[in-house]
Amino acid sequence: MKARTPQVLLATFIIALLAASSAAAQPSAGPMGLHIAYGADPKTSMTVMFLLPSGMEDTAWSAGAPVVIQFGTSASLGEQLPVFERPAPYAQPWIPYAVALTGLQPGTTYHYRVGSDVAGWSSIETFKTAPAAPEPFTVTVWGDQGPGQYATMPSTDTSEKAADKVVAQALKVAPDLHIHPGDLSYDDWDGWHRTVEPLAKNVPFMVSLGNHDGDEERELRQYEARMVMPTPPGVHYYGFTYGNVRFVSLDTEAWCVLRASTSNPYAGAHYGCTPEPNEAQLEFIRKEFQAARDDPSIDFLVPFFHKPIVSDGRHGPTQGLVKWWLPLLDEFKPELVLQAHDHLYERSHPVVNFSVDPLGSVYLVSGGAGKSLYAFRNATPPAWEAARSASYHLVSLRFDGQVINGTAIGADGAVLDTFQVSSLRSRMANATPPETPHVSSPVPGVVWAGLVLALSAVLSRRGTRKAHM
Ligand SMILES: [Fe+2]
């Protein structure tokens, strides 16, 4: 073997040093958990959120390559804003970032990427702002997800988790926005972000606070750092308008207050629920519902929240909400009420105070997006129930003029249920009894009752019960 000269050894050392230096300058693996949500006005605002390894903000600034978002109406981007860490009071390997984009154009597709030459870059993704004028659009819904369990338990199919299958079905639906009525991650945030990122990086995720998102201070701080919704700090209820629909996200944990707890392993504090209503939220609900019903441009009122009011699942009706919220729901009759917490699918007939009424609200429970499934309380469905399925699933809602066309889709793609809900305005117009000023009916109430019963039958037939398990 030929001996190396000192010159060759020196050159080898320099090359090795340069290689090591080059490796040190390589960017990190880049952002993960990219997701978006509307700001206060879905037509002109979008919040972009993601995660970077702990310490990356300081490293990037020190290297002169701060973390930014680049965006524009074409893939060449063009605009740039700095992005900063969210408050994260607990040490963790991945730190959430968020940036609010405002002044956007309605109904416009934007291209964007986040990162820096030091932090690494995301791929270039797209989002679309809400249209300036109403047009048909599609919403997907699911709650109670987490990173997910395998589709069969005990698992015989470990190839793909139920949550991944649900997301895959949602990608086929290609919604304009997604509603997540709570219990997002079950405290595995990194796993949840990776699960939903294929959809959430392009489709705004509008969420409600679930009990597993906030029944301990540590969980609540994580939720608040990661899920930036159009609310003031510390408030977890809000409304937003998309097209002809007013969506209202409510906080079923809002009457829960921070209490000292010696059993809490984190901050010595726990969110315990008291029997008192949250007066501020009650006032918010009334104002939101009244404003929606007074606005001629709003055809649908759709509240969504975590713990159910109308449900035959394991948890069943939440008594505090039956007492405080149900009277408001019955008064303003939202067309559709989206709930979760019971890990199954269930749809009611139009109801007022649990009684079938053609002018009432349809309640959905969609809590089967990945966590273990629940059985129903009663083998015999209640009279108010229209469909049920203890299955992993998502719900697709197509808003088109005065009608919502709904489909419950199993994680395997099977159609579990189809239904139709008309706007209250159109139902009331159709149910108005004909004026007969010159003909006195011997029993006027009989005419009205007959119309109501006929409409009830029509609405009932529109819903197709596919499964009773
Ligand atoms: Fe829950």
# chains A, B, ... in the order shown; residues from 1 in each chain; ligands from 1
>>> select_by_dssp(residues="stretch 58-99 of chain A", states="strand (DSSP E)", output="PyMOL selection string")
chain A and resi 68-72+79-82+84-85+94-99
>>> write_last_selection(atoms="all heavy atoms", output="short mmCIF file (atom, residue, chain, number, x, y, z; two decimals), in the first residue's frame")
data_model
loop_
_atom_site.label_atom_id
_atom_site.label_comp_id
_atom_site.auth_asym_id
_atom_site.auth_seq_id
_atom_site.Cartn_x
_atom_site.Cartn_y
_atom_site.Cartn_z
N VAL A 68 -40.22 32.61 7.91
CA VAL A 68 -41.16 33.48 7.20
C VAL A 68 -42.24 32.64 6.51
O VAL A 68 -42.11 31.42 6.38
CB VAL A 68 -40.44 34.33 6.12
CG1 VAL A 68 -39.40 35.25 6.75
CG2 VAL A 68 -39.82 33.44 5.05
N ILE A 69 -43.28 33.33 6.06
CA ILE A 69 -44.21 32.75 5.09
C ILE A 69 -44.04 33.54 3.80
O ILE A 69 -43.93 34.77 3.82
CB ILE A 69 -45.68 32.80 5.58
CG1 ILE A 69 -46.60 32.14 4.54
CG2 ILE A 69 -46.14 34.23 5.88
CD1 ILE A 69 -48.02 31.89 5.04
N GLN A 70 -43.97 32.82 2.69
CA GLN A 70 -43.96 33.43 1.37
C GLN A 70 -45.25 33.03 0.68
O GLN A 70 -45.64 31.85 0.71
CB GLN A 70 -42.74 32.95 0.57
CG GLN A 70 -41.42 33.37 1.20
CD GLN A 70 -40.21 32.83 0.46
OE1 GLN A 70 -40.31 31.84 -0.26
NE2 GLN A 70 -39.06 33.47 0.64
N PHE A 71 -45.94 34.00 0.08
CA PHE A 71 -47.24 33.68 -0.49
C PHE A 71 -47.56 34.61 -1.65
O PHE A 71 -46.96 35.67 -1.81
CB PHE A 71 -48.35 33.76 0.57
CG PHE A 71 -48.55 35.15 1.15
CD1 PHE A 71 -49.61 35.94 0.73
CD2 PHE A 71 -47.68 35.66 2.10
CE1 PHE A 71 -49.81 37.22 1.25
CE2 PHE A 71 -47.86 36.93 2.63
CZ PHE A 71 -48.92 37.72 2.21
N GLY A 72 -48.54 34.20 -2.44
CA GLY A 72 -48.98 34.99 -3.58
C GLY A 72 -50.02 34.24 -4.37
O GLY A 72 -50.37 33.10 -4.04
N GLU A 79 -44.88 37.65 -1.99
CA GLU A 79 -44.95 38.41 -0.74
C GLU A 79 -44.34 37.59 0.38
O GLU A 79 -44.35 36.35 0.35
CB GLU A 79 -46.40 38.79 -0.42
CG GLU A 79 -47.02 39.70 -1.47
CD GLU A 79 -48.36 40.22 -1.03
OE1 GLU A 79 -48.41 40.92 -0.01
OE2 GLU A 79 -49.36 39.93 -1.72
N GLN A 80 -43.89 38.28 1.42
CA GLN A 80 -43.23 37.59 2.52
C GLN A 80 -43.52 38.29 3.85
O GLN A 80 -43.51 39.52 3.92
CB GLN A 80 -41.72 37.54 2.28
CG GLN A 80 -40.92 36.87 3.39
CD GLN A 80 -39.48 36.63 2.99
OE1 GLN A 80 -39.19 35.93 2.02
NE2 GLN A 80 -38.55 37.23 3.74
N LEU A 81 -43.80 37.51 4.90
CA LEU A 81 -44.01 38.05 6.25
C LEU A 81 -43.26 37.18 7.25
O LEU A 81 -43.13 35.96 7.06
CB LEU A 81 -45.51 38.02 6.60
CG LEU A 81 -46.43 39.00 5.88
CD1 LEU A 81 -47.87 38.69 6.24
CD2 LEU A 81 -46.09 40.44 6.24
N PRO A 82 -42.77 37.78 8.33
CA PRO A 82 -42.13 36.98 9.38
C PRO A 82 -43.17 36.16 10.15
O PRO A 82 -44.33 36.55 10.26
CB PRO A 82 -41.47 38.02 10.28
CG PRO A 82 -42.29 39.26 10.08
CD PRO A 82 -42.76 39.22 8.66
N PHE A 84 -43.67 33.93 13.90
CA PHE A 84 -43.07 33.78 15.22
C PHE A 84 -43.67 32.60 15.97
O PHE A 84 -44.80 32.16 15.69
CB PHE A 84 -43.27 35.07 16.03
CG PHE A 84 -42.67 36.26 15.36
CD1 PHE A 84 -43.46 37.16 14.64
CD2 PHE A 84 -41.29 36.48 15.41
CE1 PHE A 84 -42.90 38.26 14.02
CE2 PHE A 84 -40.72 37.58 14.78
CZ PHE A 84 -41.52 38.47 14.08
N GLU A 85 -42.92 32.14 16.96
CA GLU A 85 -43.38 31.06 17.81
C GLU A 85 -44.64 31.48 18.57
O GLU A 85 -44.81 32.64 18.94
CB GLU A 85 -42.32 30.69 18.85
CG GLU A 85 -41.12 29.96 18.32
CD GLU A 85 -40.17 29.58 19.46
OE1 GLU A 85 -40.49 29.86 20.63
OE2 GLU A 85 -39.12 29.02 19.15
N TRP A 94 -41.32 19.92 19.48
CA TRP A 94 -41.82 20.70 18.34
C TRP A 94 -42.57 21.92 18.87
O TRP A 94 -43.42 21.79 19.76
CB TRP A 94 -42.76 19.87 17.47
CG TRP A 94 -42.05 18.78 16.72
CD1 TRP A 94 -41.82 17.51 17.14
CD2 TRP A 94 -41.47 18.88 15.41
NE1 TRP A 94 -41.13 16.80 16.19
CE2 TRP A 94 -40.91 17.62 15.10
CE3 TRP A 94 -41.37 19.90 14.46
CZ2 TRP A 94 -40.26 17.36 13.91
CZ3 TRP A 94 -40.72 19.65 13.26
CH2 TRP A 94 -40.17 18.39 12.99
N ILE A 95 -42.27 23.10 18.33
CA ILE A 95 -42.86 24.34 18.79
C ILE A 95 -43.83 24.88 17.73
O ILE A 95 -43.48 24.96 16.55
CB ILE A 95 -41.76 25.40 19.05
CG1 ILE A 95 -40.76 24.87 20.08
CG2 ILE A 95 -42.38 26.72 19.51
CD1 ILE A 95 -41.34 24.61 21.45
N PRO A 96 -45.07 25.26 18.13
CA PRO A 96 -46.03 25.78 17.15
C PRO A 96 -45.73 27.22 16.73
O PRO A 96 -45.28 28.03 17.55
CB PRO A 96 -47.37 25.69 17.89
CG PRO A 96 -47.03 25.64 19.33
CD PRO A 96 -45.67 25.05 19.45
N TYR A 97 -45.98 27.51 15.47
CA TYR A 97 -45.85 28.85 14.88
C TYR A 97 -47.19 29.20 14.23
O TYR A 97 -47.94 28.30 13.80
CB TYR A 97 -44.77 28.88 13.79
CG TYR A 97 -43.34 28.79 14.28
CD1 TYR A 97 -42.87 27.62 14.89
CD2 TYR A 97 -42.46 29.85 14.12
CE1 TYR A 97 -41.55 27.54 15.33
CE2 TYR A 97 -41.13 29.77 14.54
CZ TYR A 97 -40.69 28.60 15.16
OH TYR A 97 -39.40 28.52 15.58
N ALA A 98 -47.49 30.49 14.12
CA ALA A 98 -48.72 30.91 13.44
C ALA A 98 -48.52 32.30 12.84
O ALA A 98 -47.80 33.13 13.40
CB ALA A 98 -49.91 30.93 14.40
N VAL A 99 -49.17 32.52 11.70
CA VAL A 99 -49.15 33.84 11.08
C VAL A 99 -50.53 34.11 10.49
O VAL A 99 -51.12 33.23 9.85
CB VAL A 99 -48.06 33.96 10.00
CG1 VAL A 99 -48.21 32.92 8.90
CG2 VAL A 99 -48.01 35.36 9.42
#
>>> closest_atom_pairs(of="chain A", to="ligand 1", cutoff="8 Å", atoms="only C-alpha atoms and all ligand atoms", output="JSON lines")
{"residue": "A:Asp144", "atom": "CA", "partner": "ligand 1", "partner_atom_place_in_ligand_line": "1 (Fe)", "distance": 6.4}
{"residue": "A:Gly182", "atom": "CA", "partner": "ligand 1", "partner_atom_place_in_ligand_line": "1 (Fe)", "distance": 6.9}
{"residue": "A:Asp183", "atom": "CA", "partner": "ligand 1", "partner_atom_place_in_ligand_line": "1 (Fe)", "distance": 5.5}
{"residue": "A:Gly210", "atom": "CA", "partner": "ligand 1", "partner_atom_place_in_ligand_line": "1 (Fe)", "distance": 5.5}
{"residue": "A:Asn211", "atom": "CA", "partner": "ligand 1", "partner_atom_place_in_ligand_line": "1 (Fe)", "distance": 5.1}
{"residue": "A:His212", "atom": "CA", "partner": "ligand 1", "partner_atom_place_in_ligand_line": "1 (Fe)", "distance": 5.9}
{"residue": "A:His306", "atom": "CA", "partner": "ligand 1", "partner_atom_place_in_ligand_line": "1 (Fe)", "distance": 6.6}
{"residue": "A:Lys307", "atom": "CA", "partner": "ligand 1", "partner_atom_place_in_ligand_line": "1 (Fe)", "distance": 6.5}
{"residue": "A:Ala340", "atom": "CA", "partner": "ligand 1", "partner_atom_place_in_ligand_line": "1 (Fe)", "distance": 7.0}
{"residue": "A:His341", "atom": "CA", "partner": "ligand 1", "partner_atom_place_in_ligand_line": "1 (Fe)", "distance": 3.8}
{"residue": "A:Asp342", "atom": "CA", "partner": "ligand 1", "partner_atom_place_in_ligand_line": "1 (Fe)", "distance": 7.0}
>>> closest_residue(among="A:Pro232, A:Thr318, A:Thr241, A:Val302", to="A:Glu253", atoms="only C-alpha atoms")
A:Thr318
>>> residues_around(residues="A:Gln92", least_positions_apart="5", cutoff="12 Å", atoms="only C-alpha atoms", output="list in words")
Leu51, Leu52, Pro53, Ser54, Gly55, Pro87, Asp188, Trp189, Asp190, Arg218 and Gln222 of chain A
>>> closest_atom_pairs(of="stretch 37-112 of chain A", to="stretch 128-140 of chain A", cutoff="12 Å", atoms="only C-alpha atoms", output="Markdown table")
| residue | atom | partner | partner_atom | distance |
| --- | --- | --- | --- | --- |
| A:Ala37 | CA | A:Thr129 | CA | 10.3 |
| A:Tyr38 | CA | A:Thr129 | CA | 8.3 |
| A:Gly39 | CA | A:Thr129 | CA | 10.3 |
| A:Ala40 | CA | A:Ala130 | CA | 11.7 |
| A:Asp41 | CA | A:Ala130 | CA | 8.5 |
| A:Pro42 | CA | A:Ala130 | CA | 5.3 |
| A:Lys43 | CA | A:Ala130 | CA | 4.3 |
| A:Thr44 | CA | A:Thr129 | CA | 6.4 |
| A:Ser45 | CA | A:Thr129 | CA | 7.2 |
| A:Met46 | CA | A:Thr129 | CA | 7.5 |
| A:Thr47 | CA | A:Thr129 | CA | 11.1 |
| A:Gly72 | CA | A:Lys128 | CA | 11.4 |
| A:Thr73 | CA | A:Lys128 | CA | 9.9 |
| A:Leu101 | CA | A:Thr129 | CA | 10.9 |
| A:Thr102 | CA | A:Thr129 | CA | 10.6 |
| A:Gly103 | CA | A:Thr129 | CA | 10.8 |
| A:Leu104 | CA | A:Thr129 | CA | 7.6 |
| A:Gln105 | CA | A:Thr129 | CA | 7.2 |
| A:Pro106 | CA | A:Pro131 | CA | 5.2 |
| A:Gly107 | CA | A:Pro131 | CA | 3.9 |
| A:Thr108 | CA | A:Lys128 | CA | 5.4 |
| A:Thr109 | CA | A:Lys128 | CA | 4.3 |
| A:Tyr110 | CA | A:Lys128 | CA | 6.1 |
| A:His111 | CA | A:Lys128 | CA | 8.9 |
| A:Tyr112 | CA | A:Lys128 | CA | 11.0 |
>>> write_last_selection(atoms="N, CA and C atoms", output="compact mmCIF listing (two decimals), in the first residue's frame")
# COMPACT_ATOMS: atom_id res chain seq x y z
N ALA A 37 -56.53 27.87 9.07
CA ALA A 37 -57.88 28.17 9.57
C ALA A 37 -58.25 29.58 9.12
N TYR A 38 -59.55 29.82 8.94
CA TYR A 38 -59.98 31.15 8.58
C TYR A 38 -59.74 32.12 9.73
N GLY A 39 -59.49 33.39 9.37
CA GLY A 39 -59.52 34.46 10.36
C GLY A 39 -60.96 34.93 10.53
N ALA A 40 -61.12 36.16 10.97
CA ALA A 40 -62.46 36.66 11.28
C ALA A 40 -63.37 36.65 10.06
N ASP A 41 -62.82 36.95 8.88
CA ASP A 41 -63.63 36.96 7.66
C ASP A 41 -63.03 35.96 6.67
N PRO A 42 -63.70 34.83 6.45
CA PRO A 42 -63.15 33.81 5.55
C PRO A 42 -62.91 34.31 4.13
N LYS A 43 -63.53 35.43 3.75
CA LYS A 43 -63.33 35.95 2.39
C LYS A 43 -61.96 36.61 2.23
N THR A 44 -61.42 37.13 3.33
CA THR A 44 -60.21 37.96 3.19
C THR A 44 -59.08 37.59 4.14
N SER A 45 -59.24 36.52 4.93
CA SER A 45 -58.19 36.23 5.92
C SER A 45 -57.95 34.73 6.05
N MET A 46 -56.71 34.40 6.40
CA MET A 46 -56.35 33.00 6.64
C MET A 46 -55.20 32.97 7.65
N THR A 47 -55.28 32.06 8.59
CA THR A 47 -54.18 31.85 9.54
C THR A 47 -53.45 30.57 9.16
N GLY A 72 -48.54 34.20 -2.44
CA GLY A 72 -48.98 34.99 -3.58
C GLY A 72 -50.02 34.24 -4.37
N THR A 73 -50.52 34.87 -5.41
CA THR A 73 -51.59 34.25 -6.20
C THR A 73 -51.06 33.34 -7.31
N LEU A 101 -52.82 36.03 7.90
CA LEU A 101 -52.83 36.77 6.64
C LEU A 101 -54.17 37.48 6.51
N THR A 102 -54.14 38.77 6.27
CA THR A 102 -55.37 39.55 6.09
C THR A 102 -55.29 40.34 4.79
N GLY A 103 -56.41 40.95 4.41
CA GLY A 103 -56.43 41.75 3.19
C GLY A 103 -56.34 40.91 1.92
N LEU A 104 -56.72 39.63 2.01
CA LEU A 104 -56.68 38.74 0.85
C LEU A 104 -57.88 39.01 -0.06
N GLN A 105 -57.82 38.48 -1.27
CA GLN A 105 -58.92 38.65 -2.22
C GLN A 105 -59.92 37.51 -2.07
N PRO A 106 -61.23 37.80 -2.09
CA PRO A 106 -62.23 36.73 -1.96
C PRO A 106 -62.17 35.74 -3.13
N GLY A 107 -62.53 34.51 -2.83
CA GLY A 107 -62.63 33.50 -3.88
C GLY A 107 -61.36 33.29 -4.67
N THR A 108 -60.22 33.43 -4.02
CA THR A 108 -58.93 33.41 -4.73
C THR A 108 -58.04 32.30 -4.18
N THR A 109 -57.38 31.60 -5.08
CA THR A 109 -56.42 30.57 -4.68
C THR A 109 -55.06 31.23 -4.44
N TYR A 110 -54.52 30.99 -3.25
CA TYR A 110 -53.18 31.49 -2.91
C TYR A 110 -52.21 30.32 -2.79
N HIS A 111 -50.97 30.56 -3.19
CA HIS A 111 -49.89 29.60 -3.02
C HIS A 111 -49.03 30.09 -1.84
N TYR A 112 -48.49 29.16 -1.10
CA TYR A 112 -47.66 29.59 0.04
C TYR A 112 -46.66 28.50 0.43
>>> select_by_dssp(residues="stretch 93-210 of chain A", states="alpha helix (DSSP H)", output="number ranges by chain")
A: 162-173, 189-200
>>> decode(residues="stretch 121-136 of chain A", atoms="N, CA, C and O atoms", output="short mmCIF file (atom, residue, chain, number, x, y, z; two decimals), in the first residue's frame")
data_model
loop_
_atom_site.label_atom_id
_atom_site.label_comp_id
_atom_site.auth_asym_id
_atom_site.auth_seq_id
_atom_site.Cartn_x
_atom_site.Cartn_y
_atom_site.Cartn_z
N TRP A 121 -37.72 24.34 4.40
CA TRP A 121 -38.94 24.86 3.80
C TRP A 121 -40.00 23.77 3.69
O TRP A 121 -39.70 22.61 3.45
N SER A 122 -41.25 24.20 3.84
CA SER A 122 -42.35 23.30 3.48
C SER A 122 -42.43 23.23 1.97
O SER A 122 -41.81 24.02 1.26
N SER A 123 -43.22 22.30 1.47
CA SER A 123 -43.54 22.32 0.04
C SER A 123 -44.44 23.53 -0.22
O SER A 123 -45.00 24.13 0.71
N ILE A 124 -44.56 23.92 -1.47
CA ILE A 124 -45.48 25.02 -1.82
C ILE A 124 -46.88 24.45 -1.88
O ILE A 124 -47.16 23.51 -2.64
N GLU A 125 -47.77 24.98 -1.03
CA GLU A 125 -49.15 24.51 -0.92
C GLU A 125 -50.11 25.61 -1.37
O GLU A 125 -49.69 26.73 -1.64
N THR A 126 -51.40 25.28 -1.39
CA THR A 126 -52.41 26.27 -1.78
C THR A 126 -53.55 26.29 -0.77
O THR A 126 -53.80 25.32 -0.05
N PHE A 127 -54.23 27.43 -0.70
CA PHE A 127 -55.53 27.52 -0.02
C PHE A 127 -56.40 28.48 -0.82
O PHE A 127 -55.90 29.23 -1.68
N LYS A 128 -57.70 28.43 -0.54
CA LYS A 128 -58.63 29.31 -1.26
C LYS A 128 -59.48 30.07 -0.27
O LYS A 128 -60.03 29.48 0.67
N THR A 129 -59.60 31.37 -0.46
CA THR A 129 -60.47 32.17 0.40
C THR A 129 -61.93 31.94 0.02
O THR A 129 -62.24 31.47 -1.08
N ALA A 130 -62.83 32.27 0.94
CA ALA A 130 -64.27 32.08 0.69
C ALA A 130 -64.73 33.02 -0.42
O ALA A 130 -64.18 34.12 -0.59
N PRO A 131 -65.75 32.61 -1.18
CA PRO A 131 -66.21 33.43 -2.30
C PRO A 131 -66.90 34.71 -1.82
O PRO A 131 -67.44 34.76 -0.72
N ALA A 132 -66.89 35.72 -2.68
CA ALA A 132 -67.53 36.99 -2.33
C ALA A 132 -69.05 36.84 -2.26
O ALA A 132 -69.71 37.49 -1.45
N ALA A 133 -69.61 36.01 -3.13
CA ALA A 133 -71.06 35.77 -3.15
C ALA A 133 -71.32 34.29 -2.95
O ALA A 133 -70.48 33.46 -3.31
N PRO A 134 -72.48 33.93 -2.36
CA PRO A 134 -72.74 32.51 -2.10
C PRO A 134 -72.69 31.67 -3.36
O PRO A 134 -73.15 32.09 -4.43
N GLU A 135 -72.12 30.49 -3.21
CA GLU A 135 -72.11 29.48 -4.26
C GLU A 135 -72.06 28.13 -3.56
O GLU A 135 -71.72 28.05 -2.38
N PRO A 136 -72.44 27.03 -4.25
CA PRO A 136 -72.42 25.73 -3.58
C PRO A 136 -71.02 25.41 -3.03
O PRO A 136 -70.01 25.72 -3.68
#
